[in-house]
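A.B. asks: Sending over a structure as structure tokens; questions will come in a sec.
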There are 2 protein chains.
Amino acid sequence: MTSVIDIAKNASFAATQALQLSTEIKNNALLKIADLLEQNKDKIVKANIIDLENAKDLSMSMVNRLKLDDNKIRDMIQGVRDISLLPDPINKEIWSKDIAENMTLKKVSCPIGVIGVIFEARPDVISQISSLAIKSSNAVILKGGSEAVNTNKIIFELINEALSSVDGFPQNMINLIFTRDDVKQLLDADSYVNLIIPRGSNALVKYIKSNTKIPVLGHADGICHIYIDEFADINKVLDICIDAKCQYPSACNAVETILINEKVALSFMPQLMFKFIENGVEVIGDENILKIIPNVKLATDDDWKTEYGDKIVSIKVVKNIDEAINHINKYGSGHTDCIITENNENSDKFMMFVDSSGVYKNASTRFADGFRYGFGAEVGISTNKTHARGPVGLEGLTIYKYKLFGNGDIVADFASGKRQFIKS
Amino acid sequence: MTSVIDIAKNASFAATQALQLSTEIKNNALLKIADLLEQNKDKIVKANIIDLENAKDLSMSMVNRLKLDDNKIRDMIQGVRDISLLPDPINKEIWSKDIAENMTLKKVSCPIGVIGVIFEARPDVISQISSLAIKSSNAVILKGGSEAVNTNKIIFELINEALSSVDGFPQNMINLIFTRDDVKQLLDADSYVNLIIPRGSNALVKYIKSNTKIPVLGHADGICHIYIDEFADINKVLDICIDAKCQYPSACNAVETILINEKVALSFMPQLMFKFIENGVEVIGDENILKIIPNVKLATDDDWKTEYGDKIVSIKVVKNIDEAINHINKYGSGHTDCIITENNENSDKFMMFVDSSGVYKNASTRFADGFRYGFGAEVGISTNKTHARGPVGLEGLTIYKYKLFGNGDIVADFASGKRQFIKS
């Protein structure tokens with residue numbers, strides 16, 4: 001058994017080999033993976049059945065995420081093929097300029113290197129992340145949920161079998177590790193691993209952020225807000241609030257807190273409350289909401305910091321847009337926040353001052369997603385303030401290098417005034 | 001005395017206020033700072049003299065960095081005015097597209113938030129970093145070298161005096177902290193501080209990277225290489241090697257190790273050696289260099305990992321370009337590395353496979369600098385593989401947010417197939 005540090009070292013070497021990968025080789029690799037997964041559907045289903053049999057103690061939602069039925073396998077394979085169709089994000093000239101006579105500087109995109117991805121039950125993530133890594137010429141070290149170990153293993157083996165048949169594709173680009181102790185070692189391998197992406201529970205993300213020197217890309221919480229402005233259209237309010245809470249309540253981009261302007265609270269709340277009851281949503285309100293709808297539960301300060309991940313929503317009355325903005329910047333997680341208004345001045349203000357990765361006007365927070373943004377695929381959603389923010393697609397797996405083309409140029413000539421830089 | 005955590009909290013609030021700053025207000029603030037510094041030159045010189053008197057135990061090079069003479073103060077003030085002339089990096093629309101009918105998504109640049117900058121003796125860094133922060137609408141918390149405490153304080157006070165006279169400029173945007181214990185508290189303030197930039201010794205940078213959850217931007221080592229290819233022009237070799245080592249030996253972009261192709265080692269080494277001796281450079285060579293130039297010191301494995309920061313250079317004979325690339329990727333720090341060659345195939349290969357922020361063909365490594373790259377100013381040089389790499393200008397102090405403009409749009413309509421996303 002190779003140690004995690006050796007896996008990381010080998011992945012790091014593979015990453016330098018991958019710097020030369022042509023678009024053609026990468027796309028060829030992706031199509032071979034898709035074909036091999038397709039030819040071995042039965043093996044994947046068989047492995048998944050073993051995992052499902054071992055998963056009797058898991059919650060229904062966990063079992064649903066773990067289960068790979070025919071439709072999910074078909075989507076998974078299509079996902080790999082789709083990534084082969086995306087533009088290659090690597091070796092793109094971002095800009096080029098002459099910094100002095102006969103000296104050209106080019107900024108060129110390149111891969112990050114080795115990326116560690118830690119995720120929970122869903123086994124279809126393996127092929128998705130592997131495909132994104134291949135397309136962006138990065139090596140990856142994957143750690144999946146232990147519940148999915150058999151499914152993960154067979155998908156991983158099929159991917160590497162496909163890659164080994166591709167001429168010129170480096171070894172050790174896609175790696176799998178298994179235990180919690182492996183993760184600990186991975187987090188310590190900062191000499192070889194350039195980025196960690198955790199996908200999973202708040203607890204997982206927080207643990208990882210606290211235990212590594214490696215940059216971490218992701219989000220711990222998804223506390224999304226909707227602010228109902230005094231100039232809101234009630235039909236949009238009802239549609240958006242129900243969609244943002246009910247369309248997929250456990251998603252990180254589902255709304256958790258609704259802030260409603262006091263000027264419309266009395267007229268809008270009964271209709272909104274009716275819609276929430278109709279959709280089985282429990283409402284928790286501040287004291288002003290209780291004055292309008294007496295039978296809801298009173299919110300505590302903790303409610304404003306809580307990601308329910310369920311059909312529960314907290315609602316608070318605010319004096320004005322400023323109070324809404326301050327509340328969101330104080331309690332929010334910088335994920336996605338929406339204003340419902342017909343007033344452009346207010347929406348401009350909200351979208352300027354709310355310091356979140358996504359600021360929306362009259363649209364459900366559930367649109368925060370790489371596919372919906374048109375990125376073709378996503379590695380996750382980031383609430384970071386550096387590197388990549390919001391839904392992260394292939395571009396978030398790249399960095400750049402500067403290439404300077406000279407002819408024997410020396411700095412001393414510029415220091416002495418013999419030569420001058422071109423002012424840009 | 002305000003605690004560091006309160007300073008960070010206030011800076012974080014200031015950063016949200018700064019989201020609205022117009023280019024005009026920011027440039028106005030910069031010009032006011034420049035004027036006030038100019039009017040108070042005498043005060044700055046006086047404070048600097050106190051620091052110099054207290055600095056009797058410091059090395060000559062430290063004293064030189066600490067000393068602010070008339071020329072340096074003039075350059076410092078000009079630097080502030082120059083930043084007012086740079087384009088505003090904030091609120092730039094990076095792209096805009098319709099993701100569905102009547103739904104427009106915009107990617108817009110915005111500030112990072114609160115940036116902590118920790119630097120050593122040079123007091124002119126305060127006005128430089130403050131100006132970059134103002135121009136990019138970020139709040140900063142600065143910690144300067146304790147040797148420069150009086151100079152730092154007066155410059156800091158003048159900056160804030162100028163800012164307080166600018167209508168609409170938020171309070172607490174530029175902050176100064178003083179002690180090592182303050183730095184410790186700053187590194188713990190990850191709820192409020194979004195980025196740490198250390199500028200200084202390797203030891204400082206390593207300490208910071210090991211002691212914070214906040215993303216760190218910078219470089220610990222500057223182990224730059226020059227590879228002399230078999231197709232190198234000897235005149236370029238001599239010019240570039242001398243410039244890269246001698247023009248400013250303590251700079252992070254000075255060359256530390258030269259790799260020479262065995263095919264040209266015998267013919268080139270005597271001339272190169274002569275030049276190095278002429279320029280007072282001590283040469284440390286591997287065993288093959290010793291066969292050509294017997295009286296140099298034999299290199300150990302440690303030499304390949306050493307940033308001398310002085311007129312010392314290590315030289316090693318390599319079989320071919322592949323050995324050079326592998327050596328650089330193994331021992332280098334990912335800063336700046338150069339190939340000297342007249343062969344385009346070799347330079348392309350070198351620039352593709354050397355995994356550094358700067359890869360040069362026939363140009364001195366000393367060109368790695370934000371001013372020389374035409375960025376107008378720099379906060380430092382990064383060897384990170386995420387966020388910003390190489391010389392970091394204003395753009396490195398920005399991130400982006402997504403603004404989605406809808407009309408009551410809900411995800412359920414797309415999930416049901418009633419509406420479709422536009423394929424990009």
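Identifiers for the structure tokens are assigned positionally: chains receive A, B, ... in sequence, residues are indexed from 1 per chain, and ligands are indexed from 1 in the order shown.
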Can you list, as an NGL selection string, every protein, DNA or RNA residue that comes within 9 Å of range 289-299 of chain B when you count only C-alpha atoms, leaving out same-chain residues fewer than 5 positions away?

C.D. replies: :B and (265-266 or 269-270 or 273 or 282-284 or 304 or 314-317)

A.B. asks: For those residues, write all heavy atoms to a file as a compact mmCIF listing (two decimals), in the first residue's frame.

C.D. replies:
```txt
# COMPACT_ATOMS: atom_id res chain seq x y z
N ALA B 265 29.80 23.66 -21.22
CA ALA B 265 30.41 23.99 -19.91
C ALA B 265 31.90 24.32 -20.07
O ALA B 265 32.39 25.32 -19.55
CB ALA B 265 30.21 22.84 -18.93
N LEU B 266 32.62 23.48 -20.80
CA LEU B 266 34.07 23.65 -20.93
C LEU B 266 34.41 24.97 -21.63
O LEU B 266 35.33 25.68 -21.23
CB LEU B 266 34.64 22.46 -21.72
CG LEU B 266 36.14 22.25 -21.62
CD1 LEU B 266 36.57 22.02 -20.17
CD2 LEU B 266 36.57 21.04 -22.47
N MET B 269 32.59 28.18 -19.24
CA MET B 269 32.86 28.39 -17.81
C MET B 269 34.02 29.35 -17.53
O MET B 269 33.89 30.22 -16.65
CB MET B 269 33.06 27.06 -17.08
CG MET B 269 31.77 26.49 -16.45
SD MET B 269 30.78 27.68 -15.48
CE MET B 269 31.88 28.06 -14.14
N PRO B 270 35.17 29.22 -18.26
CA PRO B 270 36.28 30.14 -17.93
C PRO B 270 35.88 31.61 -18.07
O PRO B 270 36.17 32.41 -17.18
CB PRO B 270 37.35 29.73 -18.95
CG PRO B 270 37.06 28.30 -19.24
CD PRO B 270 35.57 28.20 -19.23
N MET B 273 33.44 32.52 -15.29
CA MET B 273 34.17 32.57 -14.02
C MET B 273 34.94 33.88 -13.90
O MET B 273 34.92 34.53 -12.85
CB MET B 273 35.14 31.37 -13.97
CG MET B 273 35.78 31.17 -12.62
SD MET B 273 34.55 30.67 -11.37
CE MET B 273 35.45 31.14 -9.89
N GLU B 282 31.38 35.05 -5.36
CA GLU B 282 31.94 33.76 -4.98
C GLU B 282 31.18 32.65 -5.70
O GLU B 282 29.94 32.64 -5.69
CB GLU B 282 31.82 33.55 -3.46
CG GLU B 282 32.44 32.24 -2.99
CD GLU B 282 32.08 31.90 -1.54
OE1 GLU B 282 31.58 32.78 -0.81
OE2 GLU B 282 32.29 30.74 -1.16
N VAL B 283 31.90 31.72 -6.34
CA VAL B 283 31.24 30.63 -7.06
C VAL B 283 31.38 29.33 -6.29
O VAL B 283 32.45 28.99 -5.79
CB VAL B 283 31.86 30.48 -8.48
CG1 VAL B 283 31.32 29.21 -9.17
CG2 VAL B 283 31.55 31.71 -9.33
N ILE B 284 30.26 28.62 -6.16
CA ILE B 284 30.25 27.29 -5.57
C ILE B 284 29.83 26.33 -6.67
O ILE B 284 28.82 26.58 -7.34
CB ILE B 284 29.25 27.24 -4.40
CG1 ILE B 284 29.70 28.20 -3.29
CG2 ILE B 284 29.10 25.82 -3.87
CD1 ILE B 284 28.67 28.43 -2.21
N TRP B 304 21.75 23.78 -3.40
CA TRP B 304 20.68 23.89 -4.41
C TRP B 304 19.38 24.41 -3.81
O TRP B 304 18.46 24.78 -4.52
CB TRP B 304 20.44 22.53 -5.10
CG TRP B 304 21.70 21.82 -5.50
CD1 TRP B 304 22.06 20.54 -5.20
CD2 TRP B 304 22.79 22.36 -6.29
NE1 TRP B 304 23.29 20.23 -5.73
CE2 TRP B 304 23.76 21.32 -6.39
CE3 TRP B 304 23.06 23.59 -6.89
CZ2 TRP B 304 24.97 21.49 -7.09
CZ3 TRP B 304 24.26 23.77 -7.57
CH2 TRP B 304 25.19 22.73 -7.66
N SER B 314 25.71 29.31 -7.02
CA SER B 314 26.07 27.90 -7.19
C SER B 314 25.89 27.52 -8.65
O SER B 314 24.96 28.01 -9.31
CB SER B 314 25.22 27.02 -6.28
OG SER B 314 23.85 27.20 -6.54
N ILE B 315 26.80 26.71 -9.16
CA ILE B 315 26.74 26.34 -10.58
C ILE B 315 26.84 24.82 -10.71
O ILE B 315 27.64 24.17 -10.01
CB ILE B 315 27.88 27.00 -11.40
CG1 ILE B 315 27.94 28.52 -11.12
CG2 ILE B 315 27.69 26.75 -12.90
CD1 ILE B 315 28.90 29.31 -11.99
N LYS B 316 26.02 24.24 -11.57
CA LYS B 316 25.98 22.79 -11.73
C LYS B 316 25.93 22.47 -13.22
O LYS B 316 25.24 23.14 -13.99
CB LYS B 316 24.70 22.28 -11.05
CG LYS B 316 24.48 20.79 -11.09
CD LYS B 316 23.13 20.46 -10.42
CE LYS B 316 22.66 19.07 -10.78
NZ LYS B 316 23.35 18.01 -10.05
N VAL B 317 26.67 21.44 -13.60
CA VAL B 317 26.63 20.97 -14.98
C VAL B 317 25.47 19.99 -15.14
O VAL B 317 25.31 19.10 -14.30
CB VAL B 317 27.96 20.28 -15.37
CG1 VAL B 317 27.87 19.70 -16.79
CG2 VAL B 317 29.12 21.27 -15.28
```

A.B. asks: For the contact check between chain A and chain B, emit one row per residue of chain A within 7 Å, containing the shortest atom pair and the distance in Å rounded to one decimal, counting only C-alpha atoms, chain then rising number order, as a tab-separated table.

C.D. replies:
```
residue	atom	partner	partner_atom	distance
A:Thr16	CA	B:Phe353	CA	6.6
A:Leu19	CA	B:Phe353	CA	6.1
A:Gln20	CA	B:Met352	CA	6.8
A:Ile99	CA	B:Tyr373	CA	6.3
A:Ile112	CA	B:Lys385	CA	5.6
A:Asn194	CA	B:Lys385	CA	6.5
A:Lys209	CA	B:Lys213	CA	6.8
A:Ser210	CA	B:Lys213	CA	6.6
A:Lys213	CA	B:Ser210	CA	6.6
A:Pro215	CA	B:Pro215	CA	6.7
A:Lys236	CA	B:Gly408	CA	4.7
A:Asp239	CA	B:Ile410	CA	6.9
A:Ile240	CA	B:Ile410	CA	5.9
A:Asp243	CA	B:Ile410	CA	5.9
A:Gln247	CA	B:Ala412	CA	6.4
A:Met351	CA	B:Lys403	CA	6.9
A:Met352	CA	B:Leu19	CA	6.6
A:Phe353	CA	B:Leu19	CA	6.1
A:Ser356	CA	B:Lys401	CA	6.8
A:Ser357	CA	B:Lys401	CA	4.7
A:Gly358	CA	B:Tyr402	CA	4.8
A:Val359	CA	B:Lys403	CA	5.0
A:Tyr360	CA	B:Leu404	CA	4.7
A:Lys361	CA	B:Phe405	CA	5.0
A:Asn362	CA	B:Gly408	CA	4.8
A:Ala363	CA	B:Asp409	CA	4.8
A:Ser364	CA	B:Ile410	CA	5.3
A:Arg366	CA	B:Val411	CA	6.3
A:Phe367	CA	B:Val411	CA	6.4
A:Arg372	CA	B:Phe421	CA	7.0
A:Tyr373	CA	B:Ile99	CA	6.3
A:Gly374	CA	B:Ser424	CA	5.9
A:Lys385	CA	B:Ile112	CA	5.6
A:Thr386	CA	B:His387	CA	5.8
A:His387	CA	B:His387	CA	3.7
A:Arg389	CA	B:Tyr400	CA	6.8
A:Ile399	CA	B:Thr386	CA	6.2
A:Tyr400	CA	B:Arg389	CA	6.9
A:Lys401	CA	B:Ser357	CA	4.7
A:Tyr402	CA	B:Gly358	CA	4.8
A:Lys403	CA	B:Val359	CA	5.1
A:Leu404	CA	B:Tyr360	CA	4.7
A:Phe405	CA	B:Lys361	CA	5.0
A:Gly406	CA	B:Asn362	CA	4.9
A:Asn407	CA	B:Asn362	CA	5.2
A:Gly408	CA	B:Lys236	CA	4.7
A:Asp409	CA	B:Ala363	CA	4.8
A:Ile410	CA	B:Ser364	CA	5.3
A:Val411	CA	B:Arg366	CA	6.3
A:Ala412	CA	B:Gln247	CA	6.4
A:Phe421	CA	B:Arg372	CA	7.0
A:Lys423	CA	B:Gly374	CA	6.6
A:Ser424	CA	B:Gly374	CA	5.9
```

A.B. asks: Pull the strand (DSSP E or B) assignments for range 110-346 of chain B out of DSSP run on the backbone, and list those residues as number ranges by chain.

C.D. replies: B: 110-111, 114-119, 139-143, 174-177, 195-199, 216, 224-228, 255-261, 282-285, 297-298, 312-318, 336-340

A.B. asks: Residues as selected, N, CA and C atoms, written as a short mmCIF file (atom, residue, chain, number, x, y, z; two decimals), in the first residue's frame, can you do that?

C.D. replies:
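The resulting file, again32.cif, is shown below:
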```
data_model
loop_
_atom_site.label_atom_id
_atom_site.label_comp_id
_atom_site.auth_asym_id
_atom_site.auth_seq_id
_atom_site.Cartn_x
_atom_site.Cartn_y
_atom_site.Cartn_z
N CYS B 110 -14.61 43.21 -7.51
CA CYS B 110 -14.87 43.91 -6.25
C CYS B 110 -13.68 43.71 -5.31
N PRO B 111 -13.61 44.49 -4.24
CA PRO B 111 -12.46 44.35 -3.33
C PRO B 111 -12.52 43.05 -2.53
N VAL B 114 -10.62 42.94 3.96
CA VAL B 114 -9.59 43.42 4.90
C VAL B 114 -8.30 42.66 4.62
N ILE B 115 -7.22 43.39 4.41
CA ILE B 115 -5.94 42.78 4.09
C ILE B 115 -4.93 43.16 5.16
N GLY B 116 -4.28 42.18 5.74
CA GLY B 116 -3.23 42.42 6.72
C GLY B 116 -1.88 42.37 6.02
N VAL B 117 -1.06 43.39 6.20
CA VAL B 117 0.26 43.40 5.55
C VAL B 117 1.33 43.53 6.63
N ILE B 118 2.23 42.59 6.65
CA ILE B 118 3.28 42.57 7.67
C ILE B 118 4.61 42.72 6.94
N PHE B 119 5.35 43.78 7.29
CA PHE B 119 6.59 44.03 6.56
C PHE B 119 7.70 44.43 7.53
N ALA B 139 -9.75 47.63 2.97
CA ALA B 139 -9.20 48.11 4.23
C ALA B 139 -7.90 47.35 4.50
N VAL B 140 -6.93 48.00 5.14
CA VAL B 140 -5.68 47.30 5.49
C VAL B 140 -5.34 47.45 6.96
N ILE B 141 -4.67 46.44 7.46
CA ILE B 141 -4.08 46.51 8.80
C ILE B 141 -2.59 46.29 8.60
N LEU B 142 -1.79 47.30 8.90
CA LEU B 142 -0.36 47.26 8.62
C LEU B 142 0.43 47.01 9.89
N LYS B 143 1.46 46.18 9.77
CA LYS B 143 2.42 46.02 10.87
C LYS B 143 3.80 46.23 10.28
N ILE B 174 -7.47 52.46 7.03
CA ILE B 174 -6.02 52.23 7.13
C ILE B 174 -5.67 52.14 8.62
N ASN B 175 -5.13 51.00 9.02
CA ASN B 175 -4.88 50.76 10.43
C ASN B 175 -3.44 50.32 10.64
N LEU B 176 -2.90 50.65 11.81
CA LEU B 176 -1.51 50.29 12.11
C LEU B 176 -1.49 49.51 13.42
N ILE B 177 -0.74 48.41 13.45
CA ILE B 177 -0.53 47.70 14.71
C ILE B 177 0.97 47.61 14.93
N LEU B 195 -7.14 38.34 3.92
CA LEU B 195 -5.88 38.00 3.24
C LEU B 195 -4.72 38.58 4.04
N ILE B 196 -3.65 37.81 4.15
CA ILE B 196 -2.43 38.30 4.80
C ILE B 196 -1.32 38.33 3.76
N ILE B 197 -0.63 39.47 3.68
CA ILE B 197 0.53 39.58 2.78
C ILE B 197 1.76 39.87 3.61
N PRO B 198 2.65 38.89 3.79
CA PRO B 198 3.90 39.15 4.49
C PRO B 198 4.97 39.58 3.49
N ARG B 199 5.67 40.63 3.80
CA ARG B 199 6.80 41.06 2.96
C ARG B 199 8.02 41.10 3.84
N VAL B 216 -2.69 33.32 2.73
CA VAL B 216 -1.45 34.10 2.75
C VAL B 216 -0.94 34.25 1.32
N CYS B 224 15.98 31.49 -7.67
CA CYS B 224 15.84 31.63 -9.12
C CYS B 224 17.02 30.96 -9.83
N HIS B 225 16.71 30.42 -11.00
CA HIS B 225 17.73 29.70 -11.79
C HIS B 225 17.92 30.33 -13.16
N ILE B 226 19.15 30.13 -13.67
CA ILE B 226 19.38 30.35 -15.10
C ILE B 226 19.91 29.04 -15.67
N TYR B 227 19.28 28.57 -16.73
CA TYR B 227 19.78 27.39 -17.42
C TYR B 227 20.46 27.85 -18.71
N ILE B 228 21.76 27.54 -18.82
CA ILE B 228 22.51 27.87 -20.03
C ILE B 228 22.45 26.67 -20.97
N VAL B 255 19.48 35.70 -9.23
CA VAL B 255 19.72 34.27 -9.49
C VAL B 255 20.55 33.66 -8.36
N GLU B 256 20.24 32.41 -8.01
CA GLU B 256 21.01 31.72 -6.98
C GLU B 256 21.78 30.54 -7.55
N THR B 257 21.18 29.86 -8.54
CA THR B 257 21.82 28.68 -9.12
C THR B 257 21.83 28.79 -10.65
N ILE B 258 23.00 28.51 -11.23
CA ILE B 258 23.11 28.45 -12.69
C ILE B 258 23.32 27.00 -13.09
N LEU B 259 22.53 26.53 -14.04
CA LEU B 259 22.68 25.18 -14.57
C LEU B 259 23.26 25.32 -15.97
N ILE B 260 24.36 24.62 -16.25
CA ILE B 260 25.00 24.78 -17.56
C ILE B 260 25.06 23.44 -18.28
N ASN B 261 24.65 23.44 -19.54
CA ASN B 261 24.65 22.23 -20.36
C ASN B 261 26.09 21.74 -20.54
N GLU B 282 31.38 35.05 -5.36
CA GLU B 282 31.94 33.76 -4.98
C GLU B 282 31.18 32.65 -5.70
N VAL B 283 31.90 31.72 -6.34
CA VAL B 283 31.24 30.63 -7.06
C VAL B 283 31.38 29.33 -6.29
N ILE B 284 30.26 28.62 -6.16
CA ILE B 284 30.25 27.29 -5.57
C ILE B 284 29.83 26.33 -6.67
N GLY B 285 30.63 25.27 -6.93
CA GLY B 285 30.33 24.42 -8.08
C GLY B 285 30.16 22.96 -7.73
N LYS B 297 34.65 26.27 -4.51
CA LYS B 297 34.16 25.47 -3.39
C LYS B 297 33.18 24.42 -3.92
N LEU B 298 33.24 23.19 -3.38
CA LEU B 298 32.34 22.13 -3.82
C LEU B 298 30.95 22.33 -3.22
N ILE B 312 26.99 35.41 -4.07
CA ILE B 312 27.39 34.00 -4.08
C ILE B 312 26.49 33.31 -5.10
N VAL B 313 27.06 32.41 -5.90
CA VAL B 313 26.22 31.69 -6.86
C VAL B 313 26.67 30.23 -6.90
N SER B 314 25.71 29.31 -7.02
CA SER B 314 26.07 27.90 -7.19
C SER B 314 25.89 27.52 -8.65
N ILE B 315 26.80 26.71 -9.16
CA ILE B 315 26.74 26.34 -10.58
C ILE B 315 26.84 24.82 -10.71
N LYS B 316 26.02 24.24 -11.57
CA LYS B 316 25.98 22.79 -11.73
C LYS B 316 25.93 22.47 -13.22
N VAL B 317 26.67 21.44 -13.60
CA VAL B 317 26.63 20.97 -14.98
C VAL B 317 25.47 19.99 -15.14
N VAL B 318 24.64 20.18 -16.17
CA VAL B 318 23.56 19.22 -16.44
C VAL B 318 23.75 18.60 -17.81
N THR B 336 11.16 32.69 -10.34
CA THR B 336 11.48 33.13 -11.71
C THR B 336 12.69 32.36 -12.21
N ASP B 337 12.57 31.76 -13.37
CA ASP B 337 13.66 30.95 -13.91
C ASP B 337 13.83 31.23 -15.40
N CYS B 338 15.09 31.23 -15.83
CA CYS B 338 15.42 31.69 -17.18
C CYS B 338 16.20 30.64 -17.97
N ILE B 339 15.90 30.53 -19.24
CA ILE B 339 16.73 29.73 -20.15
C ILE B 339 17.45 30.70 -21.10
N ILE B 340 18.76 30.44 -21.29
CA ILE B 340 19.48 31.21 -22.31
C ILE B 340 19.72 30.27 -23.48
#
```

A.B. asks: Near Asn152 in chain B, counting only C-alpha atoms, which residues have an atom at most 10 Å away, once you skip same-chain residues fewer than 2 positions from it, shown as a ChimeraX atom specification?

C.D. replies: /B:44,47-48,51,121-127,142-150,154-157,176,178

A.B. asks: Let me see the file: selected residues, C-alpha atoms, as a PDB file, in the first residue's frame.

C.D. replies:
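Contents of selection.pdb, freshly written:
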```pdb
ATOM      1  CA  ILE B  44       8.763  62.647   8.669  1.00  0.00           C
ATOM      2  CA  ALA B  47      10.769  60.953  13.192  1.00  0.00           C
ATOM      3  CA  ASN B  48      13.106  59.017  10.923  1.00  0.00           C
ATOM      4  CA  ASP B  51      14.492  55.765  14.512  1.00  0.00           C
ATOM      5  CA  ALA B 121      12.191  47.917   8.238  1.00  0.00           C
ATOM      6  CA  ARG B 122      11.233  49.985   5.109  1.00  0.00           C
ATOM      7  CA  PRO B 123       8.820  52.734   6.231  1.00  0.00           C
ATOM      8  CA  ASP B 124       7.989  53.848   2.657  1.00  0.00           C
ATOM      9  CA  VAL B 125       5.970  50.636   2.342  1.00  0.00           C
ATOM     10  CA  ILE B 126       3.200  52.170   4.496  1.00  0.00           C
ATOM     11  CA  SER B 127       2.196  54.817   1.981  1.00  0.00           C
ATOM     12  CA  LEU B 142      -0.356  47.262   8.621  1.00  0.00           C
ATOM     13  CA  LYS B 143       2.416  46.024  10.869  1.00  0.00           C
ATOM     14  CA  GLY B 144       5.784  47.617  10.134  1.00  0.00           C
ATOM     15  CA  GLY B 145       9.238  46.847  11.483  1.00  0.00           C
ATOM     16  CA  SER B 146       9.698  47.908  15.094  1.00  0.00           C
ATOM     17  CA  GLU B 147      12.925  49.739  14.099  1.00  0.00           C
ATOM     18  CA  ALA B 148      10.806  52.137  12.026  1.00  0.00           C
ATOM     19  CA  VAL B 149       8.100  52.730  14.633  1.00  0.00           C
ATOM     20  CA  ASN B 150       8.397  56.527  14.799  1.00  0.00           C
ATOM     21  CA  ILE B 154       3.935  59.789  11.564  1.00  0.00           C
ATOM     22  CA  ILE B 155       3.271  58.573   8.000  1.00  0.00           C
ATOM     23  CA  PHE B 156       0.258  56.614   9.227  1.00  0.00           C
ATOM     24  CA  GLU B 157      -1.098  59.640  11.101  1.00  0.00           C
ATOM     25  CA  LEU B 176      -1.512  50.288  12.108  1.00  0.00           C
ATOM     26  CA  PHE B 178       2.778  47.525  16.506  1.00  0.00           C
TER      27      PHE B 178
END
```

A.B. asks: Quick one: residues within 8 Å of range 29-32 of chain A, only C-alpha atoms, excluding same-chain residues fewer than 4 positions away - as a list in words?

C.D. replies: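 The residues satisfying every condition are Ile25, Leu36, Val80, Arg81, Ile83, Ser84, Ser131, Ile134, Ala162, Leu163, Val166 and Phe169 of chain A.
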
A.B. asks: Using DSSP assignments from the backbone, pull out every residue in range 207-315 of chain B that falls under helix (DSSP H, G or I) and give it to me as a PyMOL selection string.

C.D. replies: chain B and resi 207-210+234-246+262-278+287-292+301-305

A.B. asks: By how many Å are CA of Leu186 in chain B and CA of Gly218 in chain A apart?

C.D. replies: 22.7 Å

A.B. asks: Can you list, as a PyMOL selection string, every protein, DNA or RNA residue that comes within 7 Å of His219 in chain A when you count only C-alpha atoms, leaving out same-chain residues fewer than 2 positions away?

C.D. replies: chain A and resi 221+381-383

A.B. asks: Could you check how far CA of Asp167 in chain B sits from CA of Ala34 in chain B, in Å to one decimal?

C.D. replies: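 About the pair CA of Asp167 in chain B and CA of Ala34 in chain B: they are 16.8 Å apart.
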
A.B. asks: Provide the CA of Leu394 in chain A to CA of Asn160 in chain A distance in Å, to one decimal place.

C.D. replies: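 Between CA of Leu394 in chain A and CA of Asn160 in chain A the gap works out to 21.0 Å.
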